[in-house]
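Student: Structure below; questions to follow.
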Amino acid sequence: MIRVITKEQLVEEIRKVTQQGWIKSVKRTKNARNDGAVGNTLEKLLGIPENNLPIANSNGWELKGQRLHTSSLVTLKHYEPFPRGAEIVSKLLLPLYGWPHKEAGKKYPRNEMSFRSTTSTKFTNRGFSVIVDRQQRKIRFIFDSTKADRTNPEISNWLKLVRSRVGLGFFNPEPYWGFDDLRDLMGEKARNCFYVIADSKVEKGREYFSYRSLLMLSGFSFDNFLSCIEKGIILIDFDARTHHNHGTKFRIKQGFWKELYSEVKQLF
């Protein structure tokens, strides 16, 4: 049976966790690409289902966590691009625009490929960018080979591979996320959020957290969401390799919650 609590009870239980000192992470290794261990560990301590806060008389609350001294982005939502039938990541981006994984021939097979791109409205050094197209009502992921850094030998060689595989024209089909789908999804997933910050340390290969502060975020605005993408505050993060897609994520820079939510309250 799931225990239902009030927001006030949840805040008080998190406050008690902050008084416990260092707590061992539920994940065995630290992943610098935001593995969610801060939030997952707190959820286990509180005895609540992952990403499903059982708060009475409330809709759409989530719990997110972040390490104190880190520049990592905070994941808002996993959401793969359209058109879905084209299987964009596995059949377009990875095989045609991917590059050899840095662990190929070591941790992974010699032919392991990678497609990792944290992308904003500014072009990356490989020529990827995001456009908020208000006329077509979609967020578009684009490729322009003329924007790639050809002075970089690795990227220059990669462009030659892309040319031989598919040519250096634009994506076909072009990956995108429709406004209407995103509005419904983000409104459901990110409407309200408790955001906890924890200090971290590693001892004997295991990470420990000391929970320090809690923010309550409410009043999510989809218009602000789009503006944050245009400003480069929210980025789209692809993270796939040949044998595993870690998921495409919408992620926000730390310290910009007021750009996204109408109310940001520090509880302690």
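Labeling convention for the structure tokens: chains A, B, ... as they appear, residues from 1 per chain, ligands from 1 in order of appearance.
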If you count only C-alpha atoms, which residues fall within 9 Å of region 234-244 of chain A, apart from same-chain ones fewer than 2 positions away, as a PyMOL selection string?
Tutor: chain A and resi 73+89-90+94-95+98+101+111-121+130+141+225-232+246-253
Student: Need the shell around region 9-25 of chain A: protein/DNA/RNA residues with any atom at most 12 Å away, counting only C-alpha atoms. Skip same-chain ones fewer than 6 positions apart. Format as a short mmCIF file (atom, residue, chain, number, x, y, z; two decimals) with N, CA and C atoms, in the first residue's frame?
Tutor:
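The resulting result-v8.cif:
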data_model
loop_
_atom_site.label_atom_id
_atom_site.label_comp_id
_atom_site.auth_asym_id
_atom_site.auth_seq_id
_atom_site.Cartn_x
_atom_site.Cartn_y
_atom_site.Cartn_z
N ARG A 3 1.89 4.94 0.78
CA ARG A 3 1.59 5.94 1.80
C ARG A 3 1.43 7.31 1.15
N ASN A 31 28.33 8.83 -11.82
CA ASN A 31 28.26 9.13 -13.25
C ASN A 31 28.19 10.63 -13.42
N ASP A 35 23.51 11.08 -13.27
CA ASP A 35 22.86 9.77 -13.22
C ASP A 35 21.64 9.73 -12.31
N GLY A 36 21.25 10.85 -11.72
CA GLY A 36 20.06 10.88 -10.89
C GLY A 36 20.23 10.30 -9.51
N ALA A 37 21.48 10.02 -9.11
CA ALA A 37 21.70 9.35 -7.84
C ALA A 37 21.25 10.17 -6.63
N VAL A 38 21.37 11.50 -6.71
CA VAL A 38 20.96 12.35 -5.59
C VAL A 38 19.47 12.17 -5.32
N GLY A 39 18.65 12.27 -6.36
CA GLY A 39 17.21 12.11 -6.19
C GLY A 39 16.81 10.68 -5.88
N ASN A 40 17.45 9.71 -6.54
CA ASN A 40 17.12 8.29 -6.31
C ASN A 40 17.40 7.88 -4.86
N THR A 41 18.54 8.36 -4.32
CA THR A 41 18.89 8.02 -2.94
C THR A 41 17.90 8.62 -1.96
N LEU A 42 17.50 9.87 -2.22
CA LEU A 42 16.53 10.52 -1.33
C LEU A 42 15.18 9.82 -1.40
N GLU A 43 14.76 9.42 -2.60
CA GLU A 43 13.48 8.71 -2.74
C GLU A 43 13.48 7.41 -1.94
N LYS A 44 14.60 6.72 -1.97
CA LYS A 44 14.68 5.47 -1.20
C LYS A 44 14.60 5.75 0.30
N LEU A 45 15.29 6.80 0.74
CA LEU A 45 15.25 7.16 2.17
C LEU A 45 13.83 7.52 2.61
N LEU A 46 13.10 8.16 1.70
CA LEU A 46 11.75 8.58 2.03
C LEU A 46 10.73 7.47 1.83
N GLY A 47 11.15 6.38 1.16
CA GLY A 47 10.25 5.26 0.91
C GLY A 47 9.15 5.57 -0.07
N ILE A 48 9.50 6.34 -1.11
CA ILE A 48 8.49 6.71 -2.11
C ILE A 48 8.88 6.16 -3.47
N LEU A 53 5.77 11.27 -6.65
CA LEU A 53 5.52 11.68 -5.28
C LEU A 53 4.05 11.50 -4.91
N PRO A 54 3.75 10.71 -3.88
CA PRO A 54 2.36 10.47 -3.49
C PRO A 54 1.85 11.57 -2.57
N ILE A 55 1.68 12.79 -3.12
CA ILE A 55 1.26 13.94 -2.32
C ILE A 55 -0.25 14.11 -2.42
N ALA A 56 -0.89 14.22 -1.29
CA ALA A 56 -2.34 14.34 -1.25
C ALA A 56 -2.82 15.66 -1.86
N TRP A 61 3.66 16.57 -9.09
CA TRP A 61 4.86 16.95 -8.35
C TRP A 61 5.95 15.92 -8.58
N GLU A 62 7.18 16.42 -8.76
CA GLU A 62 8.34 15.55 -8.93
C GLU A 62 9.43 15.95 -7.95
N LEU A 63 10.34 15.02 -7.73
CA LEU A 63 11.49 15.28 -6.88
C LEU A 63 12.74 15.16 -7.74
N GLY A 65 17.12 16.05 -7.88
CA GLY A 65 18.27 16.33 -7.03
C GLY A 65 19.50 16.65 -7.85
N ARG A 67 24.01 17.49 -7.33
CA ARG A 67 25.18 17.67 -6.48
C ARG A 67 25.51 19.15 -6.32
N PHE A 194 10.00 19.58 -6.43
CA PHE A 194 10.89 19.79 -5.29
C PHE A 194 12.31 19.52 -5.77
N TYR A 195 13.21 20.46 -5.52
CA TYR A 195 14.58 20.35 -6.02
C TYR A 195 15.53 20.40 -4.83
N VAL A 196 16.22 19.27 -4.61
CA VAL A 196 17.11 19.15 -3.46
C VAL A 196 18.56 19.19 -3.90
N ILE A 197 19.40 19.82 -3.10
CA ILE A 197 20.83 19.95 -3.41
C ILE A 197 21.62 19.23 -2.32
N ALA A 198 22.60 18.43 -2.74
CA ALA A 198 23.39 17.65 -1.80
C ALA A 198 24.88 17.80 -2.08
N ASP A 199 25.66 17.89 -1.01
CA ASP A 199 27.10 17.80 -1.14
C ASP A 199 27.45 16.34 -1.38
N SER A 200 28.61 16.08 -1.98
CA SER A 200 28.97 14.69 -2.27
C SER A 200 30.44 14.44 -2.00
N LYS A 201 30.77 13.19 -1.72
CA LYS A 201 32.16 12.76 -1.57
C LYS A 201 32.24 11.30 -1.95
N VAL A 202 33.45 10.84 -2.24
CA VAL A 202 33.66 9.44 -2.61
C VAL A 202 34.64 8.82 -1.62
N GLU A 203 34.25 7.69 -1.06
CA GLU A 203 35.12 6.93 -0.15
C GLU A 203 35.14 5.48 -0.58
N LYS A 204 36.34 4.96 -0.81
CA LYS A 204 36.51 3.56 -1.21
C LYS A 204 35.63 3.20 -2.41
N GLY A 205 35.58 4.13 -3.36
CA GLY A 205 34.86 3.87 -4.59
C GLY A 205 33.35 4.05 -4.52
N ARG A 206 32.81 4.42 -3.36
CA ARG A 206 31.37 4.64 -3.21
C ARG A 206 31.10 6.11 -2.92
N GLU A 207 30.04 6.62 -3.53
CA GLU A 207 29.67 8.01 -3.34
C GLU A 207 28.72 8.16 -2.16
N TYR A 208 28.88 9.26 -1.43
CA TYR A 208 28.03 9.58 -0.29
C TYR A 208 27.46 10.98 -0.48
N PHE A 209 26.23 11.20 0.05
CA PHE A 209 25.59 12.50 -0.06
C PHE A 209 25.27 13.06 1.31
N SER A 210 25.38 14.37 1.40
CA SER A 210 24.91 15.11 2.58
C SER A 210 23.93 16.16 2.06
N TYR A 211 22.64 15.96 2.35
CA TYR A 211 21.61 16.83 1.80
C TYR A 211 21.60 18.17 2.52
N ARG A 212 21.58 19.26 1.71
CA ARG A 212 21.79 20.59 2.27
C ARG A 212 20.59 21.53 2.16
N SER A 213 19.94 21.60 1.01
CA SER A 213 18.88 22.59 0.84
C SER A 213 17.77 22.07 -0.07
N LEU A 214 16.62 22.75 0.01
CA LEU A 214 15.44 22.33 -0.74
C LEU A 214 14.73 23.54 -1.33
N LEU A 215 14.43 23.47 -2.62
CA LEU A 215 13.64 24.49 -3.30
C LEU A 215 12.30 23.90 -3.70
N MET A 216 11.26 24.71 -3.67
CA MET A 216 9.96 24.30 -4.18
C MET A 216 9.66 25.14 -5.41
N GLN A 266 12.79 28.93 -1.62
CA GLN A 266 13.79 28.14 -0.89
C GLN A 266 13.22 27.84 0.49
N LEU A 267 13.01 26.57 0.79
CA LEU A 267 12.40 26.17 2.05
C LEU A 267 13.43 26.06 3.16
N PHE A 268 14.63 25.62 2.81
CA PHE A 268 15.76 25.63 3.77
C PHE A 268 17.03 25.37 3.01
#
Student: Which one is closest to Leu217 (chain A): A:Tyr261, A:Phe143, A:Phe128, A:Phe123? Count only C-alpha atoms.
Tutor: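 When distances to Leu217 (chain A) are compared using only C-alpha atoms, the smallest one comes from A:Tyr261.
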Student: Show me, as a PyMOL selection string, the residues that have an atom within 10 Å of Ser71 (chain A) when counting only C-alpha atoms, minus same-chain residues fewer than 2 positions from it.
Tutor: chain A and resi 32+34+66-69+73-74+253-254
Student: Please return as number ranges by chain: the residues of region 78-203 of chain A that backbone DSSP assigns to helix (DSSP H, G or I).
Tutor: A: 84-86, 88-97, 145-147, 153-165, 179-189
Student: Got time to write the residues from that selection, C-alpha atoms, as a short mmCIF file (atom, residue, chain, number, x, y, z; two decimals), in the first residue's frame?
Tutor:
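So the final result, stored in result.cif, reads:
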data_model
loop_
_atom_site.label_atom_id
_atom_site.label_comp_id
_atom_site.auth_asym_id
_atom_site.auth_seq_id
_atom_site.Cartn_x
_atom_site.Cartn_y
_atom_site.Cartn_z
CA ARG A 84 8.81 8.13 -34.30
CA GLY A 85 8.43 5.59 -37.10
CA ALA A 86 11.83 6.63 -38.45
CA ILE A 88 15.65 8.77 -35.48
CA VAL A 89 18.42 7.97 -33.00
CA SER A 90 19.05 4.32 -33.86
CA LYS A 91 18.55 4.49 -37.64
CA LEU A 92 19.61 8.03 -38.58
CA LEU A 93 21.80 9.85 -36.05
CA LEU A 94 23.88 6.96 -34.72
CA PRO A 95 24.70 4.98 -37.91
CA LEU A 96 24.95 7.93 -40.33
CA TYR A 97 26.25 10.76 -38.15
CA SER A 145 28.10 20.94 -42.21
CA THR A 146 29.33 24.46 -43.02
CA LYS A 147 29.13 25.27 -39.28
CA PRO A 153 41.33 16.96 -37.45
CA GLU A 154 38.93 14.62 -35.66
CA ILE A 155 35.87 16.54 -36.87
CA SER A 156 37.30 16.94 -40.36
CA ASN A 157 37.76 13.16 -40.62
CA TRP A 158 34.28 12.62 -39.21
CA LEU A 159 32.80 14.90 -41.89
CA LYS A 160 34.46 12.76 -44.55
CA LEU A 161 32.75 9.70 -43.07
CA VAL A 162 29.39 11.48 -43.00
CA ARG A 163 29.84 12.51 -46.64
CA SER A 164 30.52 8.91 -47.65
CA ARG A 165 27.54 7.56 -45.67
CA PHE A 179 4.77 22.11 -29.51
CA ASP A 180 1.43 20.48 -28.68
CA ASP A 181 3.00 17.15 -27.66
CA LEU A 182 5.66 18.92 -25.62
CA ARG A 183 3.16 21.23 -23.92
CA ASP A 184 1.11 18.26 -22.69
CA LEU A 185 4.15 16.25 -21.66
CA MET A 186 6.05 19.02 -19.88
CA GLY A 187 2.91 20.33 -18.24
CA GLU A 188 2.34 16.89 -16.77
CA LYS A 189 5.95 16.12 -15.91
#
Student: Any idea what the distance is between CA of Arg150 (chain A) and CA of Asp133 (chain A)?
Tutor: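 We find that CA of Arg150 (chain A) and CA of Asp133 (chain A) lie 27.7 Å from each other.
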Student: With distances taken over only C-alpha atoms, which of A:Cys193, A:Tyr108, A:Asn245, A:Ile139 is nearest to Lys265 (chain A)?
Tutor: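 Among the listed residues, A:Cys193 lies closest to Lys265 (chain A).
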Student: Mind the document's chain letters and residue numbers, and return as a PyMOL selection string the residues of region 189-265 of chain A that DSSP labels strand (DSSP E or B).
Tutor: chain A and resi 192-203+206-220+234-241+244-245+249-252+261-265
